[in-house]
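Chemist: File name entry11.cif; file contents mmCIF, C-alpha atoms; full text below.
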```cif
data_entry
loop_
_atom_site.group_PDB
_atom_site.id
_atom_site.type_symbol
_atom_site.label_atom_id
_atom_site.label_comp_id
_atom_site.auth_asym_id
_atom_site.auth_seq_id
_atom_site.Cartn_x
_atom_site.Cartn_y
_atom_site.Cartn_z
ATOM 1 C CA MET A 1 -3.295 55.800 -26.225
ATOM 2 C CA LYS A 2 -3.330 52.861 -28.640
ATOM 3 C CA LYS A 3 -0.195 51.451 -27.029
ATOM 4 C CA ILE A 4 -1.762 51.723 -23.573
ATOM 5 C CA VAL A 5 -4.884 49.875 -24.720
ATOM 6 C CA ILE A 6 -2.767 47.113 -26.257
ATOM 7 C CA LEU A 7 -0.742 46.819 -23.029
ATOM 8 C CA ILE A 8 -3.917 46.574 -20.953
ATOM 9 C CA LEU A 9 -5.309 43.869 -23.244
ATOM 10 C CA LEU A 10 -2.062 41.917 -22.986
ATOM 11 C CA LEU A 11 -2.098 42.149 -19.185
ATOM 12 C CA VAL A 12 -5.695 40.990 -19.075
ATOM 13 C CA GLN A 13 -4.853 38.037 -21.330
ATOM 14 C CA VAL A 14 -1.810 37.045 -19.271
ATOM 15 C CA PHE A 15 -3.740 37.395 -16.029
ATOM 16 C CA GLY A 16 -6.573 35.327 -17.460
ATOM 17 C CA VAL A 17 -4.209 32.554 -18.547
ATOM 18 C CA SER A 18 -2.541 32.595 -15.138
ATOM 19 C CA ARG A 19 -5.883 32.359 -13.351
ATOM 20 C CA ALA A 20 -6.966 29.529 -15.640
ATOM 21 C CA ALA A 21 -3.742 27.619 -14.982
ATOM 22 C CA GLN A 22 -4.119 28.149 -11.237
ATOM 23 C CA LYS A 23 -7.689 26.894 -11.368
ATOM 24 C CA ALA A 24 -6.646 23.836 -13.395
ATOM 25 C CA ASN A 25 -3.882 23.003 -10.904
ATOM 26 C CA THR A 26 -6.316 23.386 -7.997
ATOM 27 C CA GLU A 27 -8.875 21.140 -9.669
ATOM 28 C CA LYS A 28 -6.184 18.562 -10.388
ATOM 29 C CA ALA A 29 -5.070 18.616 -6.735
ATOM 30 C CA ASP A 30 -8.658 18.241 -5.600
ATOM 31 C CA THR A 31 -9.014 15.033 -7.608
ATOM 32 C CA VAL A 32 -6.251 13.359 -5.575
ATOM 33 C CA LYS A 33 -7.578 11.607 -2.494
ATOM 34 C CA THR A 34 -5.127 9.589 -0.409
ATOM 35 C CA ALA A 35 -5.636 6.584 1.842
ATOM 36 C CA LEU A 36 -3.198 4.748 4.092
ATOM 37 C CA LEU A 37 -3.022 1.002 3.480
ATOM 38 C CA ILE A 38 -1.411 -0.883 6.377
ATOM 39 C CA VAL A 39 -0.591 -4.425 5.311
ATOM 40 C CA ASP A 40 -0.206 -7.285 7.817
ATOM 41 C CA ILE A 41 1.452 -5.547 10.750
ATOM 42 C CA GLN A 42 0.383 -8.431 12.948
ATOM 43 C CA ASN A 43 1.711 -10.140 16.044
ATOM 44 C CA PHE A 44 2.983 -13.207 14.196
ATOM 45 C CA TYR A 45 5.767 -11.087 12.685
ATOM 46 C CA PHE A 46 7.079 -10.116 16.131
ATOM 47 C CA PRO A 47 9.171 -12.199 18.545
ATOM 48 C CA GLY A 48 6.918 -14.095 20.924
ATOM 49 C CA ASP A 49 4.123 -14.998 18.535
ATOM 50 C CA GLY A 50 6.504 -15.709 15.678
ATOM 51 C CA PRO A 51 10.168 -15.746 14.685
ATOM 52 C CA GLY A 52 10.200 -11.995 14.139
ATOM 53 C CA LEU A 53 11.361 -10.013 11.135
ATOM 54 C CA VAL A 54 14.580 -8.040 10.857
ATOM 55 C CA ASN A 55 14.086 -4.464 12.128
ATOM 56 C CA VAL A 56 10.459 -5.270 12.902
ATOM 57 C CA HIS A 57 10.185 -2.978 15.917
ATOM 58 C CA GLN A 58 11.755 -0.021 14.115
ATOM 59 C CA ALA A 59 9.374 -0.530 11.214
ATOM 60 C CA ALA A 60 6.402 -0.707 13.582
ATOM 61 C CA ILE A 61 7.404 2.557 15.254
ATOM 62 C CA ALA A 62 7.709 4.225 11.841
ATOM 63 C CA ALA A 63 4.326 2.823 10.825
ATOM 64 C CA GLY A 64 2.783 4.291 13.962
ATOM 65 C CA LYS A 65 4.137 7.733 13.056
ATOM 66 C CA VAL A 66 2.675 7.513 9.567
ATOM 67 C CA LEU A 67 -0.662 6.414 10.973
ATOM 68 C CA LYS A 68 -0.652 9.350 13.417
ATOM 69 C CA VAL A 69 -0.351 11.823 10.534
ATOM 70 C CA PHE A 70 -3.278 10.283 8.678
ATOM 71 C CA ARG A 71 -5.447 10.316 11.793
ATOM 72 C CA GLU A 72 -4.573 13.927 12.573
ATOM 73 C CA ARG A 73 -5.768 14.890 9.083
ATOM 74 C CA ASN A 74 -8.893 12.705 9.250
ATOM 75 C CA LEU A 75 -7.861 10.764 6.171
ATOM 76 C CA THR A 76 -8.893 7.254 5.191
ATOM 77 C CA VAL A 77 -7.036 4.445 6.983
ATOM 78 C CA ILE A 78 -7.339 0.796 5.953
ATOM 79 C CA HIS A 79 -5.912 -2.089 7.972
ATOM 80 C CA VAL A 80 -5.283 -5.427 6.256
ATOM 81 C CA ARG A 81 -4.614 -8.593 8.233
ATOM 82 C CA HIS A 82 -3.811 -12.103 7.040
ATOM 83 C CA GLN A 83 -5.868 -14.927 8.432
ATOM 84 C CA ALA A 84 -3.843 -17.093 10.830
ATOM 85 C CA SER A 85 -4.329 -19.444 13.749
ATOM 86 C CA LYS A 86 -1.709 -17.710 15.905
ATOM 87 C CA GLY A 87 -0.623 -14.083 16.173
ATOM 88 C CA PHE A 88 -3.569 -12.974 14.046
ATOM 89 C CA GLU A 89 -4.107 -9.747 16.004
ATOM 90 C CA ILE A 90 -3.009 -6.437 14.518
ATOM 91 C CA HIS A 91 0.038 -5.186 16.425
ATOM 92 C CA SER A 92 -0.503 -2.542 19.105
ATOM 93 C CA SER A 93 1.695 -0.038 17.221
ATOM 94 C CA VAL A 94 -1.038 0.380 14.587
ATOM 95 C CA GLU A 95 -4.085 -0.919 16.446
ATOM 96 C CA PRO A 96 -7.270 0.089 14.573
ATOM 97 C CA LEU A 97 -9.634 2.683 15.974
ATOM 98 C CA SER A 98 -13.380 2.316 15.847
ATOM 99 C CA GLY A 99 -14.559 3.327 12.390
ATOM 100 C CA GLU A 100 -11.324 2.462 10.587
ATOM 101 C CA LYS A 101 -11.707 -0.158 7.875
ATOM 102 C CA VAL A 102 -10.298 -3.611 8.704
ATOM 103 C CA ILE A 103 -9.957 -6.230 5.978
ATOM 104 C CA THR A 104 -9.135 -9.899 6.525
ATOM 105 C CA LYS A 105 -7.491 -11.721 3.641
ATOM 106 C CA LYS A 106 -6.487 -15.274 2.868
ATOM 107 C CA GLU A 107 -4.149 -14.544 -0.047
ATOM 108 C CA VAL A 108 -0.891 -12.642 -0.435
ATOM 109 C CA ASN A 109 -2.590 -9.966 -2.546
ATOM 110 C CA SER A 110 -4.737 -7.675 -0.365
ATOM 111 C CA PHE A 111 -7.181 -7.156 -3.231
ATOM 112 C CA GLN A 112 -7.774 -10.838 -3.945
ATOM 113 C CA GLY A 113 -10.940 -12.198 -2.362
ATOM 114 C CA THR A 114 -11.627 -8.991 -0.388
ATOM 115 C CA ASP A 115 -13.704 -5.843 -0.797
ATOM 116 C CA LEU A 116 -10.638 -3.564 -0.830
ATOM 117 C CA LEU A 117 -11.057 -2.377 -4.419
ATOM 118 C CA GLU A 118 -14.764 -1.659 -3.955
ATOM 119 C CA TYR A 119 -14.053 0.249 -0.728
ATOM 120 C CA LEU A 120 -11.400 2.406 -2.394
ATOM 121 C CA LYS A 121 -13.715 3.206 -5.285
ATOM 122 C CA GLU A 122 -16.635 4.018 -2.969
ATOM 123 C CA ASN A 123 -14.411 6.480 -1.101
ATOM 124 C CA LYS A 124 -13.013 7.951 -4.344
ATOM 125 C CA ILE A 125 -9.412 7.107 -3.367
ATOM 126 C CA THR A 126 -6.841 7.740 -6.095
ATOM 127 C CA ARG A 127 -3.570 7.412 -4.186
ATOM 128 C CA LEU A 128 -2.331 4.818 -1.697
ATOM 129 C CA VAL A 129 0.419 5.191 0.869
ATOM 130 C CA VAL A 130 1.383 1.589 1.558
ATOM 131 C CA ILE A 131 3.298 0.309 4.583
ATOM 132 C CA GLY A 132 3.587 -3.088 6.218
ATOM 133 C CA MET A 133 4.989 -6.598 6.188
ATOM 134 C CA GLN A 134 6.593 -8.467 4.605
ATOM 135 C CA THR A 135 8.231 -6.123 2.108
ATOM 136 C CA HIS A 136 8.838 -8.808 -0.513
ATOM 137 C CA MET A 137 5.489 -10.556 -0.123
ATOM 138 C CA CYS A 138 2.198 -8.983 0.927
ATOM 139 C CA LEU A 139 3.378 -5.383 0.735
ATOM 140 C CA GLU A 140 4.829 -5.864 -2.738
ATOM 141 C CA ALA A 141 1.701 -7.698 -3.906
ATOM 142 C CA ALA A 142 -0.551 -4.887 -2.653
ATOM 143 C CA VAL A 143 1.521 -2.246 -4.420
ATOM 144 C CA ARG A 144 1.651 -4.085 -7.727
ATOM 145 C CA ALA A 145 -2.087 -4.791 -7.656
ATOM 146 C CA GLY A 146 -2.866 -1.234 -6.597
ATOM 147 C CA HIS A 147 -0.838 0.141 -9.481
ATOM 148 C CA ASP A 148 -2.497 -2.215 -11.948
ATOM 149 C CA PHE A 149 -5.902 -1.023 -10.732
ATOM 150 C CA GLY A 150 -4.875 2.555 -11.496
ATOM 151 C CA PHE A 151 -3.911 3.876 -8.068
ATOM 152 C CA GLN A 152 -0.859 6.042 -7.541
ATOM 153 C CA CYS A 153 1.228 4.221 -4.935
ATOM 154 C CA ILE A 154 3.771 5.511 -2.438
ATOM 155 C CA VAL A 155 5.764 3.211 -0.159
ATOM 156 C CA ILE A 156 7.451 4.509 2.982
ATOM 157 C CA LYS A 157 10.498 2.304 3.167
ATOM 158 C CA ASP A 158 11.180 2.700 6.916
ATOM 159 C CA ALA A 159 7.675 1.437 7.738
ATOM 160 C CA CYS A 160 8.206 -1.992 6.141
ATOM 161 C CA ALA A 161 10.140 -5.067 7.242
ATOM 162 C CA THR A 162 11.105 -8.494 5.991
ATOM 163 C CA LYS A 163 13.411 -11.415 6.807
ATOM 164 C CA ASP A 164 16.405 -13.361 5.526
ATOM 165 C CA LEU A 165 15.557 -15.721 2.685
ATOM 166 C CA LYS A 166 17.206 -18.919 1.512
ATOM 167 C CA PHE A 167 17.501 -19.826 -2.154
ATOM 168 C CA ASP A 168 19.690 -22.283 -4.016
ATOM 169 C CA GLY A 169 21.768 -22.965 -0.925
ATOM 170 C CA LYS A 170 22.419 -19.280 -0.269
ATOM 171 C CA VAL A 171 21.147 -16.879 2.382
ATOM 172 C CA ILE A 172 19.867 -13.540 1.121
ATOM 173 C CA ALA A 173 20.061 -10.976 3.917
ATOM 174 C CA ALA A 174 16.844 -9.185 4.879
ATOM 175 C CA ASP A 175 18.301 -5.786 3.985
ATOM 176 C CA ASP A 176 19.041 -7.039 0.486
ATOM 177 C CA VAL A 177 15.565 -8.546 0.144
ATOM 178 C CA HIS A 178 14.000 -5.303 1.375
ATOM 179 C CA ASN A 179 16.075 -2.995 -0.807
ATOM 180 C CA SER A 180 15.878 -5.071 -3.974
ATOM 181 C CA THR A 181 12.092 -5.315 -3.668
ATOM 182 C CA LEU A 182 11.706 -1.573 -3.244
ATOM 183 C CA ALA A 183 14.206 -0.890 -6.024
ATOM 184 C CA THR A 184 12.157 -3.064 -8.364
ATOM 185 C CA LEU A 185 8.895 -1.348 -7.438
ATOM 186 C CA SER A 186 10.484 2.057 -7.960
ATOM 187 C CA ALA A 187 12.381 1.285 -11.172
ATOM 188 C CA GLY A 188 9.375 -0.503 -12.648
ATOM 189 C CA GLY A 189 7.130 2.495 -12.080
ATOM 190 C CA TYR A 190 4.864 0.653 -9.657
ATOM 191 C CA SER A 191 5.470 2.998 -6.769
ATOM 192 C CA LYS A 192 7.314 6.025 -5.519
ATOM 193 C CA VAL A 193 9.512 5.000 -2.580
ATOM 194 C CA ILE A 194 10.327 7.560 0.109
ATOM 195 C CA SER A 195 11.723 7.637 3.633
ATOM 196 C CA LEU A 196 9.800 8.399 6.789
ATOM 197 C CA GLU A 197 11.761 11.643 7.113
ATOM 198 C CA GLU A 198 10.707 12.727 3.612
ATOM 199 C CA PHE A 199 7.091 11.932 4.433
ATOM 200 C CA LEU A 200 7.074 13.809 7.737
ATOM 201 C CA ASN A 201 8.981 16.840 6.463
ATOM 202 C CA GLU A 202 7.358 17.358 3.091
ATOM 203 C CA PRO A 203 6.903 21.143 2.937
ATOM 204 C CA ASP A 204 3.469 21.319 1.330
ATOM 205 C CA ASN A 205 2.034 18.091 2.778
ATOM 206 C CA SER A 206 0.981 17.134 -0.746
ATOM 207 C CA ILE A 207 1.119 13.426 0.052
ATOM 208 C CA VAL A 208 -1.554 13.652 2.724
ATOM 209 C CA LYS A 209 -3.950 16.187 1.228
#
```
Render the structure in this file as structure tokens.

Modeler:
Amino acid sequence: MKKIVILILLLVQVFGVSRAAQKANTEKADTVKTALLIVDIQNFYFPGDGPGLVNVHQAAIAAGKVLKVFRERNLTVIHVRHQASKGFEIHSSVEPLSGEKVITKKEVNSFQGTDLLEYLKENKITRLVVIGMQTHMCLEAAVRAGHDFGFQCIVIKDACATKDLKFDGKVIAADDVHNSTLATLSAGGYSKVISLEEFLNEPDNSIVK
């Protein structure tokens, strides 16, 4: 009888610990609130209004797919656009809906001189999925600033685009600019970098909870 009582007490203790751990994990998950930050997907980066970026249309299509997921789950979407005299409009692939936050900036950093930080805090956002243009400029600046402000950042690499750069008499191909920027953000701990396929096929949808 004594052995049975001890066994029951042990089972109760183990079950209690398991329930406590499950509750803690649930509470931790509940504290994560994700927003989509779309940076500068504007007409001036597309042929016609501007010179166009490398792979700009493919990136725009990918961005539209990411946006669709966020809208289907009724999650926070924030559009950022850079002030310009031509091609200022947000591209049709990610055109804002009524009620979605739209921020106009004058600086590379989406947080500088805008109400982005205040808006994220008001909505209790803790994690940012960041997509947009250009990879090495405004997107990178948004990710670095977001990280420094304490947000967990995730970049979807297929939904970003950039261009060839020239430096010291050499041309740096857009793919190299794109990949080196994302490699730096990832290696430096500023952001997790994933593909569109990984985002769309994540089994537990933990990114967009």

Chemist: Which of these, A:Met137, A:Leu67, A:Ile41, A:Ile194, has the shortest distance to Thr181 (chain A) once you count only C-alpha atoms?

Modeler: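 Checking each candidate against Thr181 (chain A), we get A:Met137 as the closest.
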
Chemist: With all atoms listed in the file as the counted atoms, please give the residues lying no more than 10 Å from Ala84 (chain A), apart from itself and same-chain residues fewer than 2 positions off, as an mmCIF file with C-alpha atoms, keeping the file's coordinate frame.

Modeler:
```cif
data_model
loop_
_atom_site.group_PDB
_atom_site.id
_atom_site.type_symbol
_atom_site.label_atom_id
_atom_site.label_comp_id
_atom_site.auth_asym_id
_atom_site.auth_seq_id
_atom_site.Cartn_x
_atom_site.Cartn_y
_atom_site.Cartn_z
ATOM 1 C CA GLN A 42 0.383 -8.431 12.948
ATOM 2 C CA PHE A 44 2.983 -13.207 14.196
ATOM 3 C CA ARG A 81 -4.614 -8.593 8.233
ATOM 4 C CA HIS A 82 -3.811 -12.103 7.040
ATOM 5 C CA LYS A 86 -1.709 -17.710 15.905
ATOM 6 C CA GLY A 87 -0.623 -14.083 16.173
ATOM 7 C CA PHE A 88 -3.569 -12.974 14.046
ATOM 8 C CA GLU A 89 -4.107 -9.747 16.004
ATOM 9 C CA THR A 104 -9.135 -9.899 6.525
ATOM 10 C CA LYS A 105 -7.491 -11.721 3.641
ATOM 11 C CA LYS A 106 -6.487 -15.274 2.868
#
```

Chemist: Counting all atoms listed in the file, what is within 7 Å of Val54 (chain A), bar same-chain residues fewer than 3 positions away, as a PyMOL selection string?

Modeler: chain A and resi 161-163+174

Chemist: As an NGL selection string, please: the residues near Glu95 (chain A) (cut-off 9 Å, only C-alpha atoms, same-chain neighbours under 4 positions excluded).

Modeler: :A and (64 or 79 or 89-91)

Chemist: Write out as CSV a residue-level contact list of region 71-149 of chain A versus region 59-63 of chain A with cut-off 8 Å: for each qualifying residue the closest pair of atoms and the distance in Å to one decimal, counting only C-alpha atoms, rows sorted by chain and residue number upward.

Modeler:
```
residue,atom,partner,partner_atom,distance
A:Ser93,CA,A:Ala60,CA,6.0
A:Val94,CA,A:Ala63,CA,7.0
A:Ile131,CA,A:Ala63,CA,6.8
A:Gly132,CA,A:Ala63,CA,7.5
```

Chemist: What's around Leu97 (chain A) at 12 Å? Count all atoms listed in the file, leave out sequence neighbours fewer than 5 positions away in its own chain, and write the answer as a list in words.

Modeler: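 My reading of the contact set: Leu67, Lys68, Arg71, Thr76, Val77, Ile78, His79, Ile90, Ser92 and Val102 of chain A.
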
Chemist: Closest to Val80 (chain A) among A:Leu200, A:Ile38, A:Phe46, A:Glu107, using all atoms listed in the file?

Modeler: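 Closest residue, counting all atoms listed in the file: A:Ile38.
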
Chemist: May I ask for the distance between CA of Arg73 (chain A) and CA of Glu100 (chain A), given in Å to one decimal place?

Modeler: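 Separation of CA of Arg73 (chain A) and CA of Glu100 (chain A): 13.7 Å.
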
Chemist: Where does the PyMOL selection byres ((chain A and resi 155) around 9) land in this file, that is, which residues does it pick, as a list in words?

Modeler: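 Written out, the selection comes to Leu128, Val129, Val130, Ile131, Leu139, Val143, Cys153, Ile154, Ile156, Lys157, Asp158, Ala159, Cys160, Leu182, Ser191, Lys192, Val193, Ile194 and Ser195 of chain A.
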
Chemist: Residues near Gly189 (chain A), anyone? I mean within 10 Å using only C-alpha atoms, not counting same-chain ones fewer than 5 positions away, as a ChimeraX atom specification.

Modeler: /A:144,147,152-153,183-184

Chemist: Please determine, counting all atoms listed in the file, which residue among A:Asp164, A:Glu202, A:Glu197, A:Asp115 has the shortest atom-to-atom distance to Asn55 (chain A).

Modeler: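 The answer is A:Asp164, which sits nearest to Asn55 (chain A).
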
Chemist: Nearest to Leu36 (chain A) among A:Asn74, A:Ser186, A:Gln58, A:Asn201, with distances taken over all atoms listed in the file: which residue is it?

Modeler: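 With all atoms listed in the file as the atom set, the closest residue is A:Asn74.
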
Chemist: For Phe199 (chain A), which residue out of A:Lys65, A:Lys101, A:His178, A:Lys170 is the nearest one, using only C-alpha atoms?

Modeler: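 When distances to Phe199 (chain A) are compared using only C-alpha atoms, the smallest one comes from A:Lys65.
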
Chemist: Could you check how far CA of Pro51 (chain A) sits from CA of Gln134 (chain A), in Å to one decimal?

Modeler: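 Separation of CA of Pro51 (chain A) and CA of Gln134 (chain A): 12.9 Å.
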
Chemist: Can you report as lines of an AutoDock Vina configuration file the centre and edge lengths in Å, to one decimal, of an axis-aligned box around the listed atoms of region 143-154 of chain A padded with 4 Å on each side?

Modeler:
```
center_x = -1.1
center_y = 0.6
center_z = -7.2
size_x = 17.7
size_y = 18.8
size_z = 17.5
```
